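See below for the structure under consideration.
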Amino acid sequence: MRTLLVALALFLGASLAAGQTLTTAIGANPPTLDPQLTFNGFSFHVSNQVFETLVRVTPEGDVVPGLATDWSYPDPTTLRLELREGVAFHDGAPFDADAVVASLGRILDPATAAPGRFVLSAIQEVRAVDARTVEIVTDPPFAPLLSHLAHPVAAIVPAALADTLARAPVGTGPFTFVRWVDGSEVVLAANADYWGGAPAIDEVVVRIIPEISTQIVELRSGGVDMIFNVPPDNFLTLQADPAITTGAIDGWSSTHLIMNVAHPKLADLRVRQALAHAIDKALITDEMLRGLAKPGVAPIPATVRYAATLEEPYPYDVEGARALLAEAGVADLRLRLDLYQNPDLEAVAQVLQFAFAEIGVDLEIRVQDFSAYTQAVQSDDMELAMTGWGTVTLDADYTLYAFFHSGEIPGNNRSRWADPEIDALLQRGRDEPDDAVRAEVYALVQDAAANALPMVTLYYPRFTFAKRPAVQGESIAFSWILLDLRGATLAD
Amino acid sequence: MRRFRRHPGAWVGSFIVLTLVLVAAFAPLLADRPPTQQDLRARLRPPSAEQPFGTDEFGRSVLSRVLHGARLSLATGLLPVAAALVLGSTIGLLAGFFRGRLDAVLMRAMDVLLAFPSLLLALAVVGTLGPGIVNAVIAIAIVDVPQYARLVRSVVLGAREEEYVQAARALGARDGRLMWRHVAPNAVGPIVVQATLGIGFAILAIAGLSFLGLGVQPPVSDWGEMLARGRRYLPDATWLMIFPGLAVSLTVLGFNLLGDALRDALDPKA
């Protein structure tokens, strides 16, 4: 009996000492944990726990201090940032102005071949004024610069460890890297020396579980505490489960049907209008997506700064669509839709396939892996493409410039929409520091796009997550990649 | 033939296969609506009097999709087997009849194909050719070829030494005549058995490739693709997987029973 008690005491002691572990699940192995070498959400979800940016975004969309405590514009082309005191990288190296210069210098160096370099490419120079002050120069002025510094790729990394960060990340963040078992899990431990105070959670385990149904089973059985991006049908089931807490928030995402206006089949505006009229957006959002998305008109959701509120110019109207096709003299139209492997997008593509069949348009859906898809949409014979997109900086410029500036053809502007007036407006939005002027400029661009139809903005999906009720105090800004566990606790 | 008729599996197998053929032939008449007809306002409805097999995530009739899936499954079961049979038998006949260097080259090529697990080889072929039902059929055909080649070769090796073949040769029959008139007919029985069993395998393999997204492409339906899509809704909408799953199982069972019965009936030693 006594041995049993001793054993029990030892067991309890051990479990107390082990502390609290928060387990999340994600759908794929991150390709790397170096935030500067990737543009992948699975990487960012983990790297954002280890690394930090100079400024951060709150769930309300405000830009607040991160590694920088204060900032000002001495002149329109210079942003001066005051850096936080008493911060160190996990290996003990000091965080100072030189570290910032080296880190931003690394992502801007073309030799680094950073996929997210474009986020910061407006920067001409980063200089250390003194140990706690840096200045970032953009010429011409770049109004959305501050928002761009909150992007996960702009995380401050120790440039001296550049070669090993991918597998062994070392940052300044609330959690330190412990181990990464490929395809299985990434383990992080609380950073006791974190400048904001050590997190309450002792350990974070990010498990890699590809099947969403498996993730749900694990959540219900307690093997996982939190899952993200739950498909609508599963979400509603979990919502009805008293043992699970669910959340859906308006995110930064939008889903688009991109139309190549340079393609002979789609050059006629009436054809594009007919396709737009054939789509019942509300049917998709209300029935297919169970109300977990809002029908879209403007290319960016309302959460993004300068998003316009527009009247739908091409409401669901099958007769009108058929008439437009007849007027354009188009019969037996056969179109190809390019898509990457994503069950949710594939399902919506099949809804479009049926909707287009109703107006006599035959749609072939070509689903490929992401790299093959990227190649396909950059080739001139691309016709239609579907894509999910996130306005990660929460500034209209990020999406509108990428989608509609002629200089972005065919990289991001896959519609091949080239309009000198639009180009001028987009440049003006970048140069202009005044909020009211920027809002006006972007309203014009969004209105023009909604009417000229380089793309149909199908809907704005809401970001969904599900967790065990014991998980409290976590904060999520717009997307699972901005999961903030600094204040998280486990109640049981 | 009498032996076949007395075999219990023969009746069950024949019944299932015949039903499948009839369903495939009359699918449009049996189904209440086209398999691609969507109704997003009636998604994921459980089986009911109106929709005996329920509806899927697009509000499409699962009954209609299972019935139409029979057409594709039957075609994609028969086609690769037929192709593999013709190609494999020819290779086996040539190798077994002529022996020597030709035999060695052909059979080593077959050994190379046999060295890979069949589904893995099919995956590699589809991976090279690209996804799609035609390429999936080609892949399964390639995977099947060695079986027929080896089977026919072994029969031919024995048959060419038979006295009546030697006699025909002594009477001055040419190679071609010997091969087709005297040797080849010996292989018909084993081939029929192998092919019948092979159809079951092919249907299963095509369903597997479709399950992995490498076979049929939307909106065409096939049992494997239905299983793959239904998997996402498994805890809540079991009917999405039960009906196509049953259809695959029954079909493969039918062809296997038929094949077993044929083998027993045609086996001279039994």
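All residue names refer to the structure tokens as shown: chains lettered A, B, ... in order, residues numbered from 1 in each chain, ligands numbered from 1 in order.
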
Quick one: contact table of chain B to chain A, 8 Å max, nearest atom pair and distance in Å to one decimal per residue, counting only C-alpha atoms, chain and number order, as a tab-separated table?
```
residue	atom	partner	partner_atom	distance
B:Thr36	CA	A:Phe354	CA	7.6
B:Gln37	CA	A:Phe354	CA	7.6
B:Gln38	CA	A:Phe354	CA	7.1
B:Leu40	CA	A:Glu287	CA	6.0
B:Arg41	CA	A:Glu287	CA	6.2
B:Arg43	CA	A:Glu287	CA	7.8
B:Glu57	CA	A:Met288	CA	7.7
B:Phe58	CA	A:Met288	CA	7.5
B:Gln217	CA	A:Ile365	CA	7.8
B:Pro218	CA	A:Gln350	CA	7.1
B:Pro219	CA	A:Gln350	CA	6.9
B:Arg232	CA	A:Ser213	CA	6.2
B:Tyr233	CA	A:Asn234	CA	7.5
B:Leu234	CA	A:Ser213	CA	7.9
```

Next, dump the selected residues to file, keeping only N, CA and C atoms, as a compact mmCIF listing (two decimals), in the first residue's frame.
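Writing the result to out_9.txt gives the following:
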```txt
# COMPACT_ATOMS: atom_id res chain seq x y z
N THR B 36 -25.23 14.53 -62.25
CA THR B 36 -24.54 15.79 -61.99
C THR B 36 -25.50 16.89 -61.56
N GLN B 37 -26.81 16.59 -61.51
CA GLN B 37 -27.82 17.59 -61.14
C GLN B 37 -27.64 18.02 -59.68
N GLN B 38 -27.28 19.29 -59.47
CA GLN B 38 -27.07 19.76 -58.10
C GLN B 38 -28.33 20.42 -57.54
N LEU B 40 -28.26 22.69 -54.17
CA LEU B 40 -27.55 23.08 -52.95
C LEU B 40 -28.49 23.30 -51.77
N ARG B 41 -29.77 23.45 -52.06
CA ARG B 41 -30.70 23.65 -50.94
C ARG B 41 -31.09 22.32 -50.29
N ARG B 43 -28.72 19.70 -49.45
CA ARG B 43 -27.43 19.04 -49.29
C ARG B 43 -27.47 18.02 -48.16
N GLU B 57 -22.85 16.28 -50.85
CA GLU B 57 -22.60 17.66 -50.40
C GLU B 57 -23.01 18.71 -51.43
N PHE B 58 -23.35 18.27 -52.64
CA PHE B 58 -23.87 19.22 -53.63
C PHE B 58 -25.38 19.04 -53.81
N GLN B 217 -12.29 12.68 -63.25
CA GLN B 217 -12.28 14.09 -62.86
C GLN B 217 -13.72 14.60 -62.84
N PRO B 218 -14.02 15.54 -61.94
CA PRO B 218 -15.39 16.03 -61.82
C PRO B 218 -15.88 16.64 -63.13
N PRO B 219 -17.20 16.59 -63.41
CA PRO B 219 -18.27 16.10 -62.52
C PRO B 219 -18.58 14.63 -62.71
N ARG B 232 -14.81 12.89 -46.08
CA ARG B 232 -14.78 14.14 -45.31
C ARG B 232 -16.01 14.28 -44.43
N TYR B 233 -17.09 13.58 -44.80
CA TYR B 233 -18.34 13.75 -44.06
C TYR B 233 -18.66 12.50 -43.25
N LEU B 234 -17.65 11.64 -43.07
CA LEU B 234 -17.91 10.30 -42.54
C LEU B 234 -18.67 10.28 -41.21
```

Residues near Val62 of chain B, cut-off 12 Å, only C-alpha atoms, skip fewer than 6 positions along chain, as an NGL selection string
:B and (31-38 or 43-48 or 50-56 or 68-69 or 221-223 or 226-227 or 229-230 or 237-245 or 247)

If we count only C-alpha atoms, what is near Ala122 of chain A at a cut-off of 9 Å, once residues fewer than 3 positions away on the same chain are taken out, given as a list in words?
Phe118, Val119, Val137, Thr138, Asp139, Pro140, Pro141, Phe142 and Leu145 of chain A

Keeping N, CA and C atoms, export the residues of the selection given above as a PDB file, in the first residue's frame.
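Produced file out_5.pdb, reproduced below:
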```pdb
ATOM      1  N   PHE A 118       8.972  40.489 -52.029  1.00  0.00           N
ATOM      2  CA  PHE A 118       8.156  41.565 -52.603  1.00  0.00           C
ATOM      3  C   PHE A 118       7.434  42.374 -51.530  1.00  0.00           C
ATOM      4  N   VAL A 119       7.185  41.747 -50.372  1.00  0.00           N
ATOM      5  CA  VAL A 119       6.465  42.446 -49.304  1.00  0.00           C
ATOM      6  C   VAL A 119       7.269  43.672 -48.851  1.00  0.00           C
ATOM      7  N   VAL A 137      14.276  53.643 -45.260  1.00  0.00           N
ATOM      8  CA  VAL A 137      14.082  54.633 -46.314  1.00  0.00           C
ATOM      9  C   VAL A 137      13.369  53.999 -47.500  1.00  0.00           C
ATOM     10  N   THR A 138      12.287  54.625 -47.946  1.00  0.00           N
ATOM     11  CA  THR A 138      11.610  54.227 -49.177  1.00  0.00           C
ATOM     12  C   THR A 138      11.489  55.463 -50.045  1.00  0.00           C
ATOM     13  N   ASP A 139      11.952  55.388 -51.273  1.00  0.00           N
ATOM     14  CA  ASP A 139      11.865  56.520 -52.177  1.00  0.00           C
ATOM     15  C   ASP A 139      11.467  56.004 -53.539  1.00  0.00           C
ATOM     16  N   PRO A 140      10.282  56.299 -54.056  1.00  0.00           N
ATOM     17  CA  PRO A 140       9.259  57.215 -53.552  1.00  0.00           C
ATOM     18  C   PRO A 140       8.643  56.730 -52.231  1.00  0.00           C
ATOM     19  N   PRO A 141       7.869  57.622 -51.591  1.00  0.00           N
ATOM     20  CA  PRO A 141       7.245  57.241 -50.327  1.00  0.00           C
ATOM     21  C   PRO A 141       6.386  55.988 -50.495  1.00  0.00           C
ATOM     22  N   PHE A 142       6.273  55.204 -49.440  1.00  0.00           N
ATOM     23  CA  PHE A 142       5.486  53.976 -49.499  1.00  0.00           C
ATOM     24  C   PHE A 142       4.557  53.969 -48.292  1.00  0.00           C
ATOM     25  N   LEU A 145       3.918  51.090 -45.561  1.00  0.00           N
ATOM     26  CA  LEU A 145       5.132  50.425 -45.069  1.00  0.00           C
ATOM     27  C   LEU A 145       4.957  49.779 -43.690  1.00  0.00           C
TER      28      LEU A 145
END
```

Non-local contacts of Arg3 of chain B (10 Å; only C-alpha atoms; under 3 positions in same chain excluded) as a count of residues only
9

Using only C-alpha atoms, which residues sit within 10 Å of Ala372 of chain A once same-chain residues fewer than 4 positions away are excluded, as a ChimeraX atom specification?
/A:338-340,367-368,376-377

Which of segment 56-288 of chain A end up as strand (DSSP E or B) when DSSP is run on this backbone - answer as a VMD selection string?
chain A and resid 56 to 57 63 to 65 68 to 75 78 to 83 88 94 125 to 130 133 to 137 175 to 181 185 to 190 203 to 208 226 to 228 245 to 250 253 to 259

All residues 12 Å or closer to segment 68-83 of chain A, only C-alpha atoms, same chain fewer than 5 positions away omitted, as a PyMOL selection string
chain A and resi 52-56+63+88+94-101+122-146+149-150+155-156+430-434

Nearest to Pro80 of chain B, chosen from B:Leu106, B:Leu93, B:Ile140, B:Val12, with only C-alpha atoms counted in the distances
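Smallest separation from Pro80 of chain B among the options: B:Ile140.
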
Please provide as a compact mmCIF listing (two decimals) with N, CA, C and O atoms, in the first residue's frame all residues within 8 Å of Ile244 of chain A, with the sequence filter that same-chain residues fewer than 6 positions apart are discarded (counting only C-alpha atoms).
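What follows is the written file out32.txt:
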```
# COMPACT_ATOMS: atom_id res chain seq x y z
N ARG A 220 -11.86 15.82 -30.19
CA ARG A 220 -12.91 15.29 -29.31
C ARG A 220 -12.34 14.35 -28.26
O ARG A 220 -12.87 14.25 -27.16
N LEU A 238 -19.44 20.54 -34.91
CA LEU A 238 -18.68 20.83 -33.69
C LEU A 238 -19.39 21.90 -32.86
O LEU A 238 -19.34 21.88 -31.63
N ALA A 466 -11.74 25.58 -33.73
CA ALA A 466 -12.46 24.84 -32.69
C ALA A 466 -11.44 24.45 -31.64
O ALA A 466 -10.30 24.12 -31.96
N LYS A 467 -11.85 24.52 -30.37
CA LYS A 467 -10.90 24.22 -29.30
C LYS A 467 -11.63 23.56 -28.14
O LYS A 467 -12.86 23.60 -28.05
N ARG A 468 -10.85 22.96 -27.27
CA ARG A 468 -11.43 22.46 -26.03
C ARG A 468 -11.64 23.67 -25.12
O ARG A 468 -10.82 24.60 -25.10
N PRO A 469 -12.76 23.71 -24.38
CA PRO A 469 -13.10 24.91 -23.60
C PRO A 469 -12.01 25.27 -22.58
O PRO A 469 -11.92 26.41 -22.15
```

Here is a test: counting only C-alpha atoms, which residue of B:Gly100, B:Gly92, B:Gly59, B:Gly259 is nearest to Val192 of chain B?
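Looking at the shortest contact to Val192 of chain B, the residue is B:Gly259.
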
To one decimal in Å, tell me the separation between atom CA of His151 of chain A and atom CA of Gln20 of chain A.
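So the answer is 29.4 Å.
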
Kindly give the distance, in Å, that separates atom CA of Pro59 of chain A and atom CA of Ala308 of chain A, rounded to a single decimal.
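The value is 20.2 Å.
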